[in-house]
Each structure stands twice: as C-alpha cells, then as structure tokens.
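> Questions regarding the structure given below will be posed in turn.
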Amino acid sequence: MAEHKARKRFGQNFLQDTRIISDIVNAVRPQADDVVIEIGPGLAAITEPLARPLKQLHVVEIDRDIIKRLKRLPFADKLVIHEGDVLQLDFRSIAGMKKIVGNLPYNISTPLLFQLVEVADEVVDMHFMLQKEVVERMVAEHRTNDYGRLSVVLQYYFEMEKIIDVPPESFDPAPKVDSAVIRMIPNKGRIGIADDFNHLSRMLQQAFQQRRKTLRNNLKEWMNDEDFAAVGLDPTLRAEHVAPEEYVQLSNYLLRKNA
Ligand code: SAM
C-alpha cells in the first residue's frame, strides 16, 4: 500500500514503539466477546493486536484515506467502521458495556472527555493516550496548580490512573510534547449524586473562571456569604482549594435552595 502522509489537522502521530503498543493492549485485556471501540485507529498499530482476540472491533475514524486502508486490512471483516468525527458519534448506539481505547488526536481530547462523561454508565473502562500535561490535570488533587474543572468533572465520574509515560520518539512523526496513557474506570458509587450535572458543570466553569480570584468573587452571581456559611465553605478560598465532593454539595445546595 502507498505510504500515508501524516495529516496534522487530524492530529496524526502514529505509534511505532512496539513495547508501548503491547503495554496498551495488555492494559485493555480484550476478551473475545468484549464490546471494544477504538477511537482513531490510524495505520492500525493498536488496532491489529487489539482485534486479534476479539470477534468484533468498532473503530471510529475521520480520515477517508485511512478508512480505505482499514477496509483492506487482512482482518477487516472483524471491524465495524464508524466513518466520521468521533465528537458526533452517539456512543449509546453501540449496544452493550463498552471498553474504549484510543491514541487520541490531542486537539479534540478535552471535548471528547466531556462527551464521554455522558455515557459513563455504559463504560467498563477506557484507556487513552493523551498529552501528558492533560493527564496530569485530569488526576490532579485539589490544592495543586493542575487542579481545575477537568479534574473535578472527570474525578466525579471516573477513577483514574496514569499507567505509562510515553516519550515523543515513540511516534512518527514525533509530537512536540510528552504523552501518557491513562486508565479511566467509572466511579459507580458517585454517579447520580449531583442532582443536576449541567448545573455542576456550569458552576465549575464560573468558579474556575479567574483562578486568582476568590470563590466569593467568581461565584458572586450564584451565591452570597450566607450560602457559603450554610455549606461550611470559606468564601475567601480560591477554586483550586475546594475538593470535588464539596463542589457537588455546593451545586446540590444551590439547586435545592432555588427550587
Ligand atoms: N491509533 C493510531 C496510532 O496509535 O498510531 C493513530 C493515532 S493518531 C494520534 C489519531 C487518529 O485519530 C488518526 O488516525 C486520525 O485520523 C484520527 N482522528 C483525528 N480526529 C478525529 C476525529 N475527530 N474523529 C475520529 N477520528 C479522528
């Protein structure tokens, strides 16, 4: 097959390090009947070993040239190809509890992660290659600089663990940044605790709007000092000092108060 020229606009950095590829596949542990979805299979570096034990593998790919190649692979009959933008994919249209995998195009990783929160109840686990800096923000604890809205929302839904650091040389072409693989497992006990996730999400956007300002300042349109006292939060704190569960309590308190 003719050589494929990597497309920057689709975030194409192809994995070439066989050790990293097998570490990812071993972490996923695909079993014959699993419902596995790979986002951005590209030149099939992960796809091929992932598909080996499976009866079927769903792949989501936007690049038409790559789709043509996927259709010509020796194991193409195992692939269910979803052509197009993963951000438009209705994950619920794929029946069953899903394992989701991907060496993700870094330009869409944040919106994709927020999209996946909505289907957390249909997920067994997810393994993603991401920019290392994003992985660090995802797992950041409160009272650290990396802690933000992404950390709170994702930690509310998932247990997360960084499993491998990946240097730029593991890819072709090499990206400018370091990467890491993260494992995400739905945090079943916590799903449903927030009365209204959209309210929580909007409140977080506001709370972290200006990181140097106090909560009192960032949330002045949402609550007053009496509200802070009612939930036992110091209004002079900054957003990064508040733990995920405290944000959930705060959101629920405001919703109930205004009901
Ligand atoms: N999995 C391959 C590997 O590890 O070598 C390729 C990874 S490459 C970083 C990202 C892949 O995602 C590319 O194949 C790219 O075409 C695809 N892609 C980019 N944006 C996409 C989108 N919005 N929806 C679906 N696939 C996308």
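Chain labels run A, B, ... following the order of the structure tokens; each chain numbers its residues from 1, and ligands are numbered from 1 in the order shown.
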Within 9 Å of ligand 1 (counting only C-alpha atoms and all ligand atoms), which residues show up? I'd like them as an MDAnalysis selection string.
chainID A and resid 6:16 21 38:47 59:67 82:89 101:108 112 129:130 171:172
> Mind writing the picked residues with C-alpha atoms as a PDB file, in the first residue's frame?

```
ATOM      1  CA  ALA A   6       0.543  12.085   8.357  1.00  0.00           C
ATOM      2  CA  ARG A   7      -2.086  14.838   8.496  1.00  0.00           C
ATOM      3  CA  LYS A   8      -1.524  17.468  11.124  1.00  0.00           C
ATOM      4  CA  ARG A   9      -5.116  18.663  11.148  1.00  0.00           C
ATOM      5  CA  PHE A  10      -6.243  15.199  12.249  1.00  0.00           C
ATOM      6  CA  GLY A  11      -3.584  15.040  14.962  1.00  0.00           C
ATOM      7  CA  GLN A  12      -1.858  12.119  13.253  1.00  0.00           C
ATOM      8  CA  ASN A  13       1.140  10.911  15.250  1.00  0.00           C
ATOM      9  CA  PHE A  14       1.388   7.206  14.623  1.00  0.00           C
ATOM     10  CA  LEU A  15       2.634   4.905  17.353  1.00  0.00           C
ATOM     11  CA  GLN A  16       5.673   2.916  16.327  1.00  0.00           C
ATOM     12  CA  ILE A  21       1.631  -0.781  21.871  1.00  0.00           C
ATOM     13  CA  GLU A  38     -11.062   2.236  19.215  1.00  0.00           C
ATOM     14  CA  ILE A  39     -11.048   5.971  18.504  1.00  0.00           C
ATOM     15  CA  GLY A  40      -8.718   6.951  15.635  1.00  0.00           C
ATOM     16  CA  PRO A  41      -7.216   3.607  14.525  1.00  0.00           C
ATOM     17  CA  GLY A  42      -4.927   5.334  12.000  1.00  0.00           C
ATOM     18  CA  LEU A  43      -2.490   2.875  10.476  1.00  0.00           C
ATOM     19  CA  ALA A  44      -3.734   0.147  12.840  1.00  0.00           C
ATOM     20  CA  ALA A  45      -0.740  -0.008  15.195  1.00  0.00           C
ATOM     21  CA  ILE A  46      -3.027  -0.716  18.183  1.00  0.00           C
ATOM     22  CA  THR A  47      -5.957  -1.997  16.110  1.00  0.00           C
ATOM     23  CA  VAL A  59     -13.329   1.773  15.113  1.00  0.00           C
ATOM     24  CA  VAL A  60     -14.117   5.468  14.640  1.00  0.00           C
ATOM     25  CA  GLU A  61     -12.054   7.282  12.026  1.00  0.00           C
ATOM     26  CA  ILE A  62     -12.405  10.642  10.282  1.00  0.00           C
ATOM     27  CA  ASP A  63      -9.716  10.395   7.572  1.00  0.00           C
ATOM     28  CA  ARG A  64     -11.140   8.916   4.349  1.00  0.00           C
ATOM     29  CA  ASP A  65      -7.766   7.696   3.092  1.00  0.00           C
ATOM     30  CA  ILE A  66      -7.231   5.854   6.335  1.00  0.00           C
ATOM     31  CA  ILE A  67     -10.725   4.367   6.131  1.00  0.00           C
ATOM     32  CA  HIS A  82     -17.792   4.298  12.037  1.00  0.00           C
ATOM     33  CA  GLU A  83     -16.778   6.875   9.470  1.00  0.00           C
ATOM     34  CA  GLY A  84     -16.639  10.490  10.644  1.00  0.00           C
ATOM     35  CA  ASP A  85     -15.977  12.715  13.594  1.00  0.00           C
ATOM     36  CA  VAL A  86     -15.984  10.925  16.942  1.00  0.00           C
ATOM     37  CA  LEU A  87     -17.410  14.084  18.543  1.00  0.00           C
ATOM     38  CA  GLN A  88     -20.602  13.395  16.538  1.00  0.00           C
ATOM     39  CA  LEU A  89     -20.778   9.707  17.428  1.00  0.00           C
ATOM     40  CA  VAL A 101      -9.408   2.817  23.636  1.00  0.00           C
ATOM     41  CA  GLY A 102      -7.509   5.431  21.672  1.00  0.00           C
ATOM     42  CA  ASN A 103      -4.291   7.194  20.929  1.00  0.00           C
ATOM     43  CA  LEU A 104      -6.306  10.371  20.718  1.00  0.00           C
ATOM     44  CA  PRO A 105      -5.851  13.326  18.435  1.00  0.00           C
ATOM     45  CA  TYR A 106      -4.783  15.851  21.056  1.00  0.00           C
ATOM     46  CA  ASN A 107      -6.803  18.731  19.589  1.00  0.00           C
ATOM     47  CA  ILE A 108     -10.118  17.057  20.446  1.00  0.00           C
ATOM     48  CA  LEU A 112     -14.184  14.170  23.842  1.00  0.00           C
ATOM     49  CA  MET A 129      -3.012   8.167  25.107  1.00  0.00           C
ATOM     50  CA  LEU A 130      -3.082  11.879  25.794  1.00  0.00           C
ATOM     51  CA  PHE A 171       5.595   8.209  17.481  1.00  0.00           C
ATOM     52  CA  ASP A 172       6.097   9.009  13.827  1.00  0.00           C
TER      53      ASP A 172
END
```
> Residues of segment 7-253 of chain A in helix (DSSP H, G or I) according to DSSP, as a VMD selection string?
chain A and resid 8 to 10 18 to 28 47 to 51 64 to 71 76 to 78 86 to 88 91 to 93 106 to 117 120 to 122 132 to 139 149 to 157 168 to 170 197 to 207 215 to 218 225 to 231 239 to 241 244 to 253
> Please provide the set of residues having any atom within 12 Å of Asp234 of chain A, restricted to only C-alpha atoms, with same-chain residues fewer than 4 positions apart removed, written as a ChimeraX atom specification.
/A:214-216,224-230,238-239,241-242,246
> Quick one: residues within 9 Å of Leu154 of chain A, only C-alpha atoms counted, chain neighbours fewer than 5 positions away excluded, as a list of chain:residue names?
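Residues near the query, excluding close chain neighbours: A:Leu113, A:Phe114, A:Val117, A:Met138, A:Val139, A:Arg149, A:Glu159, A:Met160, A:Met184.
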> Could those residues be written to a file, using N, CA and C atoms, as a PDB file, in the first residue's frame?

```
ATOM      1  N   LEU A 113     -13.482  14.025  26.179  1.00  0.00           N
ATOM      2  CA  LEU A 113     -13.590  13.542  27.563  1.00  0.00           C
ATOM      3  C   LEU A 113     -14.900  14.023  28.192  1.00  0.00           C
ATOM      4  N   PHE A 114     -15.283  15.281  27.923  1.00  0.00           N
ATOM      5  CA  PHE A 114     -16.552  15.774  28.465  1.00  0.00           C
ATOM      6  C   PHE A 114     -17.738  15.016  27.841  1.00  0.00           C
ATOM      7  N   VAL A 117     -18.197  11.576  29.542  1.00  0.00           N
ATOM      8  CA  VAL A 117     -18.814  11.633  30.866  1.00  0.00           C
ATOM      9  C   VAL A 117     -20.302  11.243  30.775  1.00  0.00           C
ATOM     10  N   MET A 138      -5.990  15.901  34.680  1.00  0.00           N
ATOM     11  CA  MET A 138      -7.114  15.008  34.979  1.00  0.00           C
ATOM     12  C   MET A 138      -6.993  14.403  36.377  1.00  0.00           C
ATOM     13  N   VAL A 139      -5.775  13.999  36.752  1.00  0.00           N
ATOM     14  CA  VAL A 139      -5.613  13.292  38.030  1.00  0.00           C
ATOM     15  C   VAL A 139      -5.223  14.232  39.182  1.00  0.00           C
ATOM     16  N   ARG A 149     -11.401  22.521  36.365  1.00  0.00           N
ATOM     17  CA  ARG A 149     -12.722  21.978  36.047  1.00  0.00           C
ATOM     18  C   ARG A 149     -12.621  20.548  35.487  1.00  0.00           C
ATOM     19  N   GLU A 159     -12.526   6.776  38.291  1.00  0.00           N
ATOM     20  CA  GLU A 159     -11.263   6.528  38.986  1.00  0.00           C
ATOM     21  C   GLU A 159     -10.220   6.586  37.891  1.00  0.00           C
ATOM     22  N   MET A 160      -9.155   7.324  38.103  1.00  0.00           N
ATOM     23  CA  MET A 160      -8.184   7.469  37.009  1.00  0.00           C
ATOM     24  C   MET A 160      -6.772   7.216  37.509  1.00  0.00           C
ATOM     25  N   MET A 184      -9.179   4.885  32.838  1.00  0.00           N
ATOM     26  CA  MET A 184     -10.325   5.527  33.491  1.00  0.00           C
ATOM     27  C   MET A 184     -11.407   4.467  33.729  1.00  0.00           C
TER      28      MET A 184
END
```
> Excluding Phe158 of chain A and residues on its chain fewer than 4 positions from it, collect all residues at most 12 Å away from it, counting only C-alpha atoms, and give them as a PyMOL selection string.
chain A and resi 113-114+116-121+123-127+138-139+150-154+182-191+244
> Find the residues around Lys257 of chain A up to 12 Å (only C-alpha atoms counted), leave out those fewer than 3 positions away in its own chain, and share them as a PyMOL selection string.
chain A and resi 222-223+226-227+230-231+250-254
> For atom CA of Ala174 of chain A and atom CA of Val135 of chain A, determine how far apart the two atoms are, in Å to one decimal place.
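Between these atoms lies a distance of 18.5 Å.
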